[in-house]
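Structure file run_26.txt; described as compact mmCIF, C-alpha atoms.
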# COMPACT_ATOMS: atom_id res chain seq x y z
CA MET A 1 -8.12 39.45 -14.72
CA VAL A 2 -6.61 42.34 -16.67
CA ALA A 3 -10.01 43.32 -18.03
CA GLU A 4 -11.56 43.20 -14.58
CA ARG A 5 -8.86 45.43 -13.08
CA VAL A 6 -8.93 48.04 -15.84
CA GLY A 7 -12.70 47.98 -15.97
CA GLY A 8 -12.85 48.64 -12.24
CA GLN A 9 -10.67 51.73 -12.59
CA LEU A 10 -12.40 53.53 -15.41
CA GLY A 11 -15.92 54.68 -16.06
CA ASN A 12 -18.02 53.27 -18.87
CA ASP A 13 -17.35 56.16 -21.24
CA HIS A 14 -13.84 55.10 -22.19
CA LEU A 15 -12.66 52.72 -24.88
CA LEU A 16 -9.71 50.73 -23.61
CA ASP A 17 -7.10 48.51 -25.14
CA LEU A 18 -6.55 45.72 -22.67
CA GLY A 19 -3.02 45.08 -23.93
CA GLY A 20 -2.31 41.47 -22.83
CA GLU A 21 -5.62 40.07 -24.14
CA PRO A 22 -4.75 39.38 -27.77
CA GLY A 23 -7.81 40.33 -29.79
CA LEU A 24 -10.38 41.63 -27.37
CA GLU A 25 -11.30 45.06 -26.11
CA ARG A 26 -14.18 46.07 -23.92
CA HIS A 27 -16.36 49.14 -23.47
CA GLY A 28 -16.45 50.48 -19.93
CA SER A 29 -16.52 48.73 -16.61
CA HIS A 30 -19.96 47.13 -16.74
CA SER A 31 -20.30 46.18 -20.38
CA SER A 32 -19.90 42.55 -21.25
CA THR A 33 -19.77 43.29 -24.98
CA LEU A 34 -16.45 42.46 -26.57
CA ILE A 35 -15.30 44.06 -29.80
CA PRO A 36 -12.88 42.58 -32.29
CA GLY A 37 -9.18 42.86 -31.61
CA PRO A 38 -6.51 44.14 -34.02
CA ALA A 39 -6.21 40.80 -35.84
CA SER A 40 -9.84 40.81 -36.99
CA MET A 41 -10.67 44.52 -37.28
CA THR A 42 -11.20 46.52 -40.44
CA ARG A 43 -9.14 49.65 -41.07
CA ARG A 44 -12.01 51.87 -39.86
CA GLU A 45 -12.34 49.85 -36.63
CA LYS A 46 -8.59 50.00 -36.03
CA THR A 47 -8.67 53.77 -36.50
CA ARG A 48 -11.57 54.09 -34.08
CA VAL A 49 -9.75 52.09 -31.39
CA ALA A 50 -6.44 53.88 -31.97
CA HIS A 51 -8.13 57.29 -31.76
CA PRO A 52 -10.98 57.18 -29.24
CA PRO A 53 -13.44 60.09 -28.93
CA ARG A 54 -11.27 62.95 -27.74
CA ILE A 55 -14.03 64.80 -25.93
CA LEU A 56 -14.22 61.92 -23.45
CA ASP A 57 -10.46 62.00 -22.96
CA ALA A 58 -10.41 65.77 -22.65
CA MET A 59 -12.88 66.21 -19.79
CA PRO A 60 -10.77 64.57 -17.02
CA VAL A 61 -7.67 66.28 -18.45
CA LEU A 62 -9.55 69.58 -18.40
CA LEU A 63 -10.54 69.04 -14.78
CA ALA A 64 -6.95 68.19 -13.85
CA ALA A 65 -5.77 71.31 -15.70
CA ALA A 66 -8.35 73.38 -13.81
CA ALA A 67 -7.09 71.98 -10.50
CA PHE A 68 -3.50 72.78 -11.45
CA LEU A 69 -4.58 76.23 -12.65
CA LEU A 70 -6.14 76.98 -9.29
CA VAL A 71 -2.94 75.99 -7.49
CA GLY A 72 -0.88 77.99 -9.98
CA LEU A 73 -2.88 81.15 -9.28
CA ASP A 74 -1.18 81.22 -5.89
CA GLY A 75 1.73 82.81 -7.75
CA SER A 76 -0.18 86.07 -7.29
CA VAL A 77 0.85 85.94 -3.63
CA ASN A 78 4.58 86.37 -4.29
CA ILE A 79 4.34 89.79 -5.90
CA ALA A 80 2.34 90.87 -2.84
CA PHE A 81 5.19 90.02 -0.44
CA PRO A 82 6.39 93.64 -0.12
CA ALA A 83 2.83 94.77 0.68
CA MET A 84 2.41 91.95 3.20
CA SER A 85 5.73 92.83 4.80
CA ALA A 86 4.54 96.39 5.26
CA ALA A 87 1.09 95.37 6.52
CA PHE A 88 2.36 92.91 9.13
CA GLY A 89 5.71 94.56 9.92
CA VAL A 90 7.89 91.60 8.89
CA GLY A 91 10.89 91.26 6.58
CA PRO A 92 11.81 88.92 3.70
CA THR A 93 13.24 86.26 5.99
CA THR A 94 10.00 86.12 8.01
CA ILE A 95 7.65 86.38 5.05
CA ARG A 96 9.06 83.08 3.83
CA TRP A 97 6.68 81.39 6.29
CA VAL A 98 3.85 82.42 3.98
CA ILE A 99 5.40 80.02 1.45
CA ILE A 100 6.49 77.34 3.90
CA CYS A 101 3.13 77.00 5.68
CA TYR A 102 1.35 76.56 2.35
CA VAL A 103 3.87 74.54 0.36
CA GLY A 104 5.00 72.41 3.31
CA THR A 105 1.43 71.41 4.07
CA TYR A 106 0.51 70.45 0.53
CA ALA A 107 3.79 68.56 0.21
CA LEU A 108 2.65 66.21 2.96
CA THR A 109 -1.01 66.25 1.98
CA ALA A 110 -0.31 65.47 -1.69
CA PHE A 111 1.08 62.01 -0.99
CA ALA A 112 -1.76 61.16 1.39
CA ALA A 113 -4.26 62.46 -1.18
CA GLY A 114 -2.72 60.23 -3.83
CA VAL A 115 -3.10 57.16 -1.63
CA LEU A 116 -6.67 58.24 -0.87
CA ALA A 117 -7.35 58.61 -4.61
CA ASP A 118 -6.38 54.97 -5.11
CA ARG A 119 -9.03 54.02 -2.55
CA LEU A 120 -11.86 56.44 -3.32
CA GLY A 121 -11.10 57.48 -6.90
CA PRO A 122 -9.23 60.63 -7.99
CA GLY A 123 -12.41 62.49 -8.93
CA ARG A 124 -13.76 62.48 -5.38
CA VAL A 125 -10.46 63.72 -3.96
CA VAL A 126 -10.23 66.54 -6.51
CA ARG A 127 -13.80 67.62 -5.73
CA ALA A 128 -13.02 67.68 -1.99
CA GLY A 129 -9.95 69.82 -2.67
CA LEU A 130 -11.98 72.31 -4.70
CA ILE A 131 -14.62 72.71 -2.00
CA LEU A 132 -12.00 73.19 0.73
CA SER A 133 -10.23 75.74 -1.47
CA LEU A 134 -13.45 77.71 -1.82
CA LEU A 135 -13.82 77.92 1.96
CA CYS A 136 -10.19 78.99 2.41
CA PHE A 137 -10.24 81.81 -0.12
CA ALA A 138 -13.41 83.22 1.38
CA GLY A 139 -11.80 83.07 4.84
CA TYR A 140 -8.99 85.47 3.87
CA ALA A 141 -11.49 88.33 3.96
CA LEU A 142 -11.62 88.00 7.76
CA VAL A 143 -7.98 87.26 8.69
CA PRO A 144 -7.07 89.43 11.72
CA SER A 145 -3.32 88.84 12.25
CA PHE A 146 -0.17 87.35 10.73
CA ALA A 147 -0.52 84.24 12.90
CA ALA A 148 -4.10 83.68 11.76
CA PHE A 149 -3.01 84.32 8.20
CA LEU A 150 -0.38 81.58 8.46
CA ALA A 151 -2.95 79.19 9.95
CA LEU A 152 -5.22 79.79 6.97
CA ARG A 153 -2.28 79.17 4.64
CA VAL A 154 -1.87 75.75 6.28
CA LEU A 155 -5.52 74.94 5.56
CA GLN A 156 -5.13 76.19 2.00
CA GLY A 157 -2.07 73.96 1.69
CA ALA A 158 -4.20 70.95 2.61
CA SER A 159 -6.66 71.81 -0.16
CA GLY A 160 -3.83 72.26 -2.63
CA GLY A 161 -2.42 68.89 -1.64
CA LEU A 162 -5.73 67.20 -2.41
CA LEU A 163 -5.69 68.75 -5.88
CA TYR A 164 -2.02 68.10 -6.56
CA GLY A 165 -2.03 64.53 -5.31
CA ALA A 166 -5.07 63.26 -7.20
CA SER A 167 -4.88 65.15 -10.51
CA PRO A 168 -2.06 63.12 -12.14
CA ALA A 169 -3.97 59.88 -11.48
CA LEU A 170 -7.06 61.52 -12.98
CA VAL A 171 -5.10 61.98 -16.22
CA MET A 172 -3.23 58.66 -16.27
CA LEU A 173 -6.30 56.50 -15.60
CA SER A 174 -8.39 58.33 -18.21
CA LEU A 175 -6.02 57.89 -21.16
CA PRO A 176 -4.25 55.05 -22.97
CA SER A 177 -0.53 54.84 -22.29
CA SER A 178 0.34 56.25 -25.71
CA ARG A 179 -1.26 59.57 -24.69
CA HIS A 180 -0.02 59.91 -21.13
CA GLY A 181 2.59 62.51 -22.08
CA TRP A 182 -0.04 64.45 -24.02
CA GLY A 183 -2.43 64.44 -21.08
CA LEU A 184 0.17 65.33 -18.46
CA GLY A 185 1.54 68.04 -20.73
CA TRP A 186 -1.80 69.78 -21.14
CA ALA A 187 -2.71 69.34 -17.49
CA SER A 188 0.63 70.88 -16.54
CA THR A 189 -0.15 73.72 -18.92
CA GLY A 190 -2.97 74.63 -16.57
CA LEU A 191 -0.42 75.04 -13.79
CA GLY A 192 1.79 77.08 -16.09
CA ILE A 193 -1.07 79.35 -17.14
CA GLY A 194 -1.99 79.95 -13.52
CA LEU A 195 1.58 80.81 -12.64
CA SER A 196 1.83 82.97 -15.78
CA VAL A 197 -1.12 85.25 -15.26
CA SER A 198 -1.00 85.36 -11.47
CA PRO A 199 1.99 87.72 -11.01
CA PHE A 200 0.40 90.35 -13.27
CA LEU A 201 -3.02 89.85 -11.69
CA GLY A 202 -1.44 89.97 -8.25
CA GLY A 203 0.41 93.19 -9.00
CA ALA A 204 -2.69 94.86 -10.40
CA LEU A 205 -4.90 93.68 -7.54
CA VAL A 206 -2.43 94.70 -4.82
CA GLY A 207 -2.09 98.16 -6.35
CA ALA A 208 -5.86 98.63 -6.57
CA PHE A 209 -7.35 96.73 -3.63
CA GLY A 210 -4.58 95.64 -1.23
CA TRP A 211 -2.91 92.30 -0.52
CA LYS A 212 -6.08 90.41 0.51
CA SER A 213 -7.41 90.70 -3.02
CA VAL A 214 -4.81 88.16 -4.29
CA PHE A 215 -6.85 85.53 -2.44
CA LEU A 216 -10.38 86.83 -2.79
CA PHE A 217 -10.35 87.00 -6.59
CA ARG A 218 -10.13 83.21 -6.68
CA VAL A 219 -13.50 82.68 -4.98
CA PRO A 220 -15.62 82.86 -8.20
CA ILE A 221 -12.99 80.90 -10.13
CA VAL A 222 -13.00 77.92 -7.78
CA ALA A 223 -16.80 78.05 -7.65
CA LEU A 224 -16.82 77.59 -11.43
CA PHE A 225 -14.41 74.66 -11.14
CA VAL A 226 -16.67 72.99 -8.59
CA VAL A 227 -19.44 73.04 -11.21
CA LEU A 228 -17.02 71.60 -13.80
CA ALA A 229 -16.08 68.79 -11.42
CA ALA A 230 -19.73 67.93 -10.85
CA TRP A 231 -20.26 67.49 -14.61
CA THR A 232 -17.10 65.47 -15.33
CA THR A 233 -17.09 61.67 -15.44
CA THR A 234 -13.91 60.54 -13.68
CA PRO A 235 -12.07 57.20 -13.24
CA ARG A 236 -13.29 54.95 -10.47
CA ALA A 237 -11.42 53.72 -7.46
CA GLY A 238 -9.32 50.60 -7.68
CA GLY A 239 -11.68 48.72 -5.35
CA HIS A 240 -10.42 45.46 -3.93
CA GLY A 241 -7.34 45.59 -6.20
CA ALA A 242 -5.99 48.70 -4.51
CA ARG A 243 -3.61 48.40 -1.60
CA MET A 244 -1.60 50.68 0.63
CA VAL A 245 1.80 51.74 -0.64
CA ALA A 246 4.62 49.80 1.00
CA PRO A 247 8.15 51.16 1.58
CA THR A 248 9.40 48.70 -1.02
CA ASP A 249 7.22 50.46 -3.61
CA ILE A 250 9.07 53.72 -2.97
CA PHE A 251 12.64 52.60 -2.29
CA ARG A 252 13.42 51.56 -5.83
CA TRP A 253 15.96 53.21 -8.11
CA PRO A 254 13.56 54.48 -10.84
CA VAL A 255 11.32 56.09 -8.21
CA LEU A 256 14.09 57.55 -6.04
CA HIS A 257 16.07 58.77 -9.05
CA ALA A 258 13.11 60.63 -10.57
CA GLY A 259 12.05 61.95 -7.15
CA LEU A 260 15.55 63.26 -6.41
CA LEU A 261 15.64 65.10 -9.74
CA ALA A 262 12.26 66.70 -8.99
CA PHE A 263 13.53 67.74 -5.57
CA LEU A 264 16.70 69.36 -6.93
CA ALA A 265 15.03 71.15 -9.85
CA ASN A 266 12.41 72.76 -7.62
CA PHE A 267 14.94 73.44 -4.86
CA ALA A 268 16.93 75.50 -7.35
CA GLN A 269 14.17 77.38 -9.16
CA PHE A 270 12.36 78.70 -6.10
CA ALA A 271 15.10 81.28 -5.57
CA VAL A 272 13.29 83.09 -8.40
CA TRP A 273 9.93 83.05 -6.64
CA LEU A 274 11.36 84.21 -3.31
CA LEU A 275 13.86 86.89 -4.36
CA ALA A 276 12.91 88.10 -7.85
CA PRO A 277 9.90 90.13 -6.58
CA TYR A 278 12.20 92.03 -4.21
CA TYR A 279 14.73 92.60 -6.99
CA LEU A 280 12.09 93.94 -9.38
CA VAL A 281 10.04 96.02 -6.95
CA SER A 282 12.46 97.06 -4.21
CA GLU A 283 15.84 97.14 -5.97
CA ARG A 284 14.79 98.24 -9.47
CA GLY A 285 11.94 100.46 -8.26
CA LEU A 286 9.24 99.00 -10.52
CA ALA A 287 5.59 99.32 -9.61
CA ALA A 288 3.91 96.13 -8.43
CA THR A 289 1.98 95.88 -11.72
CA SER A 290 5.08 96.35 -13.87
CA GLY A 291 7.11 93.97 -11.72
CA GLY A 292 4.38 91.36 -11.94
CA LEU A 293 4.23 91.73 -15.72
CA LEU A 294 7.97 91.06 -16.01
CA PHE A 295 7.98 88.33 -13.39
CA MET A 296 5.26 86.41 -15.22
CA LEU A 297 7.69 85.58 -18.04
CA THR A 298 9.02 82.69 -15.93
CA PRO A 299 5.70 80.81 -15.62
CA ILE A 300 4.63 81.77 -19.16
CA ALA A 301 7.72 79.99 -20.47
CA THR A 302 6.89 77.01 -18.24
CA ALA A 303 3.37 76.86 -19.67
CA LEU A 304 4.65 77.03 -23.25
CA ALA A 305 7.21 74.30 -22.64
CA ALA A 306 4.82 71.81 -20.98
CA PRO A 307 2.84 70.57 -24.04
CA ILE A 308 6.03 70.49 -26.11
CA ALA A 309 7.70 68.37 -23.45
CA GLY A 310 4.67 66.07 -23.34
CA ARG A 311 4.79 65.33 -27.06
CA VAL A 312 8.56 64.86 -27.02
CA THR A 313 8.19 62.44 -24.11
CA ASP A 314 5.54 60.38 -25.91
CA ARG A 315 7.75 60.13 -29.00
CA TRP A 316 11.30 59.80 -27.68
CA GLY A 317 11.04 59.07 -23.97
CA PRO A 318 11.65 61.21 -20.88
CA ARG A 319 15.44 61.30 -20.61
CA GLY A 320 16.25 63.79 -23.39
CA PRO A 321 13.78 66.54 -22.43
CA MET A 322 14.67 66.13 -18.74
CA VAL A 323 18.39 66.72 -19.38
CA ALA A 324 17.73 69.62 -21.75
CA GLY A 325 15.32 71.23 -19.31
CA LEU A 326 17.71 71.04 -16.37
CA VAL A 327 20.58 72.51 -18.40
CA ALA A 328 18.38 75.39 -19.56
CA GLU A 329 17.17 76.03 -16.02
CA ALA A 330 20.74 76.14 -14.67
CA MET A 331 21.82 78.60 -17.37
CA GLY A 332 18.81 80.81 -16.63
CA LEU A 333 19.59 80.87 -12.91
CA LEU A 334 23.16 81.95 -13.63
CA LEU A 335 21.92 84.76 -15.85
CA VAL A 336 19.34 85.97 -13.33
CA GLY A 337 22.05 86.16 -10.67
CA ARG A 338 24.04 88.48 -12.91
CA CYS A 339 21.23 91.01 -13.24
CA GLY A 340 22.24 94.27 -11.59
CA ALA A 341 20.87 97.73 -10.91
CA PHE A 342 21.18 98.80 -14.56
CA THR A 343 20.68 95.56 -16.47
CA PRO A 344 18.23 96.15 -19.37
CA LEU A 345 14.82 94.84 -18.42
CA ALA A 346 14.66 92.87 -21.67
CA LEU A 347 17.68 90.82 -20.57
CA VAL A 348 16.18 90.35 -17.11
CA GLY A 349 12.99 89.05 -18.70
CA ALA A 350 14.91 86.71 -21.01
CA ALA A 351 16.82 85.21 -18.08
CA LEU A 352 13.62 84.70 -16.09
CA ALA A 353 11.96 83.10 -19.13
CA LEU A 354 14.88 80.70 -19.62
CA VAL A 355 14.48 79.42 -16.06
CA GLY A 356 10.79 78.84 -16.63
CA PHE A 357 11.23 77.15 -20.01
CA GLY A 358 13.83 74.78 -18.62
CA LEU A 359 11.59 73.85 -15.70
CA GLY A 360 8.65 73.22 -18.03
CA MET A 361 10.72 70.97 -20.28
CA PHE A 362 11.86 69.01 -17.23
CA GLN A 363 8.68 68.63 -15.18
CA VAL A 364 6.41 66.80 -17.64
CA PRO A 365 8.82 63.94 -18.53
CA ASN A 366 9.86 63.72 -14.90
CA LEU A 367 6.23 63.32 -13.82
CA ALA A 368 5.63 60.77 -16.58
CA GLN A 369 8.68 58.81 -15.43
CA ILE A 370 7.46 58.66 -11.84
CA MET A 371 3.93 57.67 -12.85
CA ALA A 372 5.25 54.92 -15.15
CA ALA A 373 7.25 53.42 -12.28
CA PHE A 374 4.03 52.47 -10.46
CA PRO A 375 1.28 50.02 -11.50
CA ALA A 376 -2.15 51.29 -12.52
CA ARG A 377 -3.72 50.62 -9.11
CA GLN A 378 -1.17 52.96 -7.47
CA GLN A 379 -1.35 55.93 -9.84
CA GLY A 380 -2.74 58.11 -7.07
CA ALA A 381 0.21 57.32 -4.82
CA ALA A 382 2.55 57.91 -7.76
CA GLY A 383 1.16 61.39 -8.36
CA GLY A 384 1.30 62.15 -4.65
CA PHE A 385 4.93 61.07 -4.47
CA ALA A 386 5.79 63.20 -7.51
CA PHE A 387 4.42 66.35 -5.93
CA LEU A 388 5.84 65.43 -2.53
CA SER A 389 9.28 65.39 -4.17
CA ARG A 390 8.64 68.75 -5.83
CA THR A 391 7.27 70.50 -2.81
CA VAL A 392 9.85 69.23 -0.34
CA GLY A 393 12.36 70.69 -2.78
CA VAL A 394 10.47 73.99 -2.76
CA VAL A 395 10.39 74.15 1.05
CA ALA A 396 14.08 73.28 1.36
CA GLY A 397 14.92 75.71 -1.44
CA VAL A 398 13.03 78.56 0.22
CA GLN A 399 14.77 77.93 3.54
CA CYS A 400 18.23 77.70 2.01
CA ALA A 401 17.73 80.68 -0.32
CA ALA A 402 16.44 82.81 2.57
CA TRP A 403 19.37 81.76 4.76
CA LEU A 404 22.02 82.32 2.08
CA PHE A 405 20.56 85.67 1.07
CA GLY A 406 19.86 86.93 4.60
CA ALA A 407 23.32 86.08 5.92
CA ARG A 408 25.09 87.97 3.13
CA ALA A 409 22.68 90.85 2.54
CA GLN A 410 23.40 92.29 6.00
CA ILE A 411 27.12 92.43 5.23
CA LEU A 412 27.43 92.83 1.46
CA GLY A 413 24.13 94.40 0.44
CA PHE A 414 21.27 93.21 -1.75
CA LEU A 415 22.87 92.61 -5.15
CA PRO A 416 25.97 90.65 -4.02
CA ALA A 417 23.78 88.45 -1.83
CA PHE A 418 21.31 88.08 -4.71
CA ARG A 419 24.09 86.89 -7.06
CA PHE A 420 25.54 84.47 -4.53
CA THR A 421 22.15 82.87 -3.89
CA PHE A 422 21.41 82.39 -7.59
CA ASP A 423 24.88 81.02 -8.28
CA ALA A 424 24.29 78.41 -5.57
CA ALA A 425 20.89 77.56 -7.10
CA ALA A 426 22.50 77.13 -10.53
CA ILE A 427 25.09 74.72 -9.09
CA VAL A 428 22.31 72.60 -7.55
CA CYS A 429 20.46 72.51 -10.88
CA GLY A 430 23.67 71.57 -12.70
CA MET A 431 24.12 68.66 -10.30
CA ALA A 432 20.59 67.53 -11.15
CA ALA A 433 21.45 67.64 -14.87
CA LEU A 434 24.44 65.36 -14.27
CA LEU A 435 22.35 62.95 -12.18
CA SER A 436 19.72 62.78 -14.91
CA LEU A 437 22.33 61.18 -17.18
CA LEU A 438 22.57 58.14 -14.93
CA PRO A 439 20.90 55.07 -16.46
CA ARG A 440 17.73 53.61 -15.02
CA ARG A 441 18.02 50.08 -13.68
CA ASP A 442 14.55 49.02 -14.73
CA SER A 443 11.96 50.53 -17.03
CA GLY A 444 8.60 49.32 -15.78
CA PRO A 445 6.43 49.37 -12.69
CA ARG A 446 7.39 47.15 -9.82
CA ALA A 447 6.01 43.64 -10.01
CA THR A 448 3.41 42.85 -7.41
CA SER A 449 2.40 39.63 -5.85
CA PRO A 450 -0.83 38.00 -6.93
CA GLY A 451 -2.43 38.85 -3.67
CA ALA A 452 -1.50 42.51 -3.80
What would the structure in this file look like if it were written as structure tokens?
Amino acid sequence: MVAERVGGQLGNDHLLDLGGEPGLERHGSHSSTLIPGPASMTRREKTRVAHPPRILDAMPVLLAAAAFLLVGLDGSVNIAFPAMSAAFGVGPTTIRWVIICYVGTYALTAFAAGVLADRLGPGRVVRAGLILSLLCFAGYALVPSFAAFLALRVLQGASGGLLYGASPALVMLSLPSSRHGWGLGWASTGLGIGLSVSPFLGGALVGAFGWKSVFLFRVPIVALFVVLAAWTTTPRAGGHGARMVAPTDIFRWPVLHAGLLAFLANFAQFAVWLLAPYYLVSERGLAATSGGLLFMLTPIATALAAPIAGRVTDRWGPRGPMVAGLVAEAMGLLLVGRCGAFTPLALVGAALALVGFGLGMFQVPNLAQIMAAFPARQQGAAGGFAFLSRTVGVVAGVQCAAWLFGARAQILGFLPAFRFTFDAAAIVCGMAALLSLLPRRDSGPRATSPGA
């Protein structure tokens, strides 16, 4: 039964240890050839099973990283907020709808995409997301008004949700459990790289070609990723073993605890993405290119932390890096809030980098914890829930940060309101660090009935 279920989920290119069948492994989903188990294998055979061909492992991870990279490139939009405000005649509190329409949509779509990935296979869902993304980015060339622009952001959010929701399952179902942290770490690095380079690219593109260019430059990139997806062998759908996620699958302490931490961490950090561009460009008087170069230190640090966090998670478990990451993020938010009109730019950059590094150290073990709380046939739903938790936190964080900042900026001015908002974000992140210390009540995926 175990061999049938695992074989139905993965393509025939992967060598799997069917843990539970004491001495037998199988190649692929259609092969009936059994190979010797650990008890009867030579040292060379054991090494081959323990370390399968990495090129086969790497292709689905590479595709997931490409999907995350594409979503991460949307960080180029934030540095263009001042230019968008001028083009459409709206202020910072209104421009937040550019974030909400996109992030709110992919928050809801991600969970549905994860459930769909369990039915159809994560590869098909990722390919659909890439094609829809291509159509969206091309459509920005013709956007006539702010309302139409927001409508296109909703459609782009749906494509991002398809990518976000299915990519974690693509990684988890393509690798043995001992390499899940490695795979999620490198896939998350794709997101970090996208967020790292996008502010600088966005600043340069806005200065040279206008705000629409932060969308149009992604057309050839996503076209290349569509070709990559067509050449990548991906895990198969769960088939008859897959079932819809029930409320009892979600309302369990390990799932809710990890989801709450993801919500709070992203709630807190998005104050950076909303307000830091205005601080750098409007308050400090930096050019869009220079501001983008400094702003990119936050996602660069996230990208650098992700593979480190993945290896630490594989070796020592998720709790330690999660706590350390949340503490670092809270300290960074406090420091960013204390940046003033004459703070050396090196210190500003260090504070922004600390926020990003803390988030990167937190996100990978948090994602691994959520994925491990679900059985193999629900890995799509697990990934969708993980990104639903993140993105609901982002949407709530944007709304609260905009409200806190807007209410005080009119009375106190920019910098006092800026400090107050970041202090509040640091308190939220500190609460998440304390909650992460709470013990988990169970350590494995929820047991399912035989007929599930």
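Across A:Gly104, A:Gly337, A:Gly207, A:Gly430, the tightest approach to Gln399 of chain A is made by A:Gly104 when counting all atoms listed in the file.
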*Residue contacts of Phe295 of chain A (9 Å, all atoms listed in the file) excluding same-chain residues fewer than 2 positions away, as a ChimeraX atom specification*: /A:79,196,199-200,272-273,276-277,280,290-293,297-299,349,352-353
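The spacing separating atom CA of Thr421 of chain A from atom CA of Tyr279 of chain A amounts to 12.6 Å.
Atom to atom, atom CA of Phe149 of chain A and atom CA of Val98 of chain A stand 8.3 Å apart.
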*asked:* Given all atoms listed in the file as the basis, pick out the residue of A:Ser76, A:Thr248, A:Ser159, A:Ser282 nearest to Gly203 of chain A.
replied: A:Ser76
*Which is closer to Ala66 of chain A than all the others in A:Phe81, A:Tyr164, A:Phe405, A:Phe209, using only C-alpha atoms?*
A:Tyr164
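Closest approach to Arg315 of chain A from the set A:Ala80, A:Met172, A:His180, A:Trp97 is made by A:His180, with distances taken over only C-alpha atoms.
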_Within 7 Å of Cys136 of chain A using only C-alpha atoms, minus same-chain residues under 3 positions, as a VMD selection string_ = chain A and resid 132 to 133 139 to 140 152 155 to 156
Export of prior selection with C-alpha atoms as a PDB file, in the frame of the given file:
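Wrote part-v4.pdb, looks like this:
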ATOM      1  CA  LEU A 132     -12.000  73.190   0.730  1.00  0.00           C
ATOM      2  CA  SER A 133     -10.230  75.740  -1.470  1.00  0.00           C
ATOM      3  CA  GLY A 139     -11.800  83.070   4.840  1.00  0.00           C
ATOM      4  CA  TYR A 140      -8.990  85.470   3.870  1.00  0.00           C
ATOM      5  CA  LEU A 152      -5.220  79.790   6.970  1.00  0.00           C
ATOM      6  CA  LEU A 155      -5.520  74.940   5.560  1.00  0.00           C
ATOM      7  CA  GLN A 156      -5.130  76.190   2.000  1.00  0.00           C
TER       8      GLN A 156
END
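Atom pair atom CA of Ala386 of chain A / atom CA of Ala258 of chain A has a distance of 8.3 Å (rounded to one decimal).
In terms of minimum interatomic distance to Leu191 of chain A, A:Leu163 ranks closest within A:Ile427, A:Leu163, A:Ala341, A:Ile100, counting all atoms listed in the file.
Closest approach to Pro439 of chain A among A:Gly413, A:Pro318, A:Gly194, A:Gly360: A:Pro318, based on all atoms listed in the file.
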_Who sits within 10 Å of Val227 of chain A, all atoms listed in the file, same chain under 4 positions skipped, as a ChimeraX atom specification_ = /A:127,130,222-223,231-232
*May I have the residues within 9 Å of Val392 of chain A as a PyMOL selection string, using all atoms listed in the file and disregarding those fewer than 2 positions away in the same chain?*
chain A and resi 103-104+107-108+263+266-267+387-390+394-397
Restricting it to C-alpha atoms, dump the selection as a CSV table (one decimal), keeping the file's coordinate frame.
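Result saved to selection.csv:
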chain,number,residue,atom,x,y,z
A,103,VAL,CA,3.9,74.5,0.4
A,104,GLY,CA,5.0,72.4,3.3
A,107,ALA,CA,3.8,68.6,0.2
A,108,LEU,CA,2.6,66.2,3.0
A,263,PHE,CA,13.5,67.7,-5.6
A,266,ASN,CA,12.4,72.8,-7.6
A,267,PHE,CA,14.9,73.4,-4.9
A,387,PHE,CA,4.4,66.4,-5.9
A,388,LEU,CA,5.8,65.4,-2.5
A,389,SER,CA,9.3,65.4,-4.2
A,390,ARG,CA,8.6,68.8,-5.8
A,394,VAL,CA,10.5,74.0,-2.8
A,395,VAL,CA,10.4,74.2,1.0
A,396,ALA,CA,14.1,73.3,1.4
A,397,GLY,CA,14.9,75.7,-1.4
Closest-contact table, segment 233-331 of chain A side, partner segment 67-72 of chain A, 12 Å, counting only C-alpha atoms, as JSON lines:
{"residue": "A:Met296", "atom": "CA", "partner": "A:Gly72", "partner_atom": "CA", "distance": 11.7}
{"residue": "A:Pro299", "atom": "CA", "partner": "A:Gly72", "partner_atom": "CA", "distance": 9.1}
{"residue": "A:Ile300", "atom": "CA", "partner": "A:Gly72", "partner_atom": "CA", "distance": 11.4}
{"residue": "A:Thr302", "atom": "CA", "partner": "A:Gly72", "partner_atom": "CA", "distance": 11.4}
{"residue": "A:Ala303", "atom": "CA", "partner": "A:Leu69", "partner_atom": "CA", "distance": 10.6}
*asked:* as a PyMOL selection string, please: the residues near Ala382 of chain A (cut-off 10 Å, only C-alpha atoms, same-chain neighbours under 2 positions excluded).
replied: chain A and resi 111+114-115+118+165-166+168-169+245+249-250+255+367-380+384-388
Taking (-17.1, 63.2, -14.7) in the file's coordinates, which residues come within 9 Å, counting all atoms listed in the file, written as a short mmCIF file (atom, residue, chain, number, x, y, z; two decimals) with C-alpha atoms, keeping the file's coordinate frame?
data_model
loop_
_atom_site.label_atom_id
_atom_site.label_comp_id
_atom_site.auth_asym_id
_atom_site.auth_seq_id
_atom_site.Cartn_x
_atom_site.Cartn_y
_atom_site.Cartn_z
CA GLY A 11 -15.92 54.68 -16.06
CA MET A 59 -12.88 66.21 -19.79
CA PRO A 60 -10.77 64.57 -17.02
CA LEU A 63 -10.54 69.04 -14.78
CA GLY A 123 -12.41 62.49 -8.93
CA LEU A 228 -17.02 71.60 -13.80
CA ALA A 229 -16.08 68.79 -11.42
CA ALA A 230 -19.73 67.93 -10.85
CA TRP A 231 -20.26 67.49 -14.61
CA THR A 232 -17.10 65.47 -15.33
CA THR A 233 -17.09 61.67 -15.44
CA THR A 234 -13.91 60.54 -13.68
CA PRO A 235 -12.07 57.20 -13.24
#
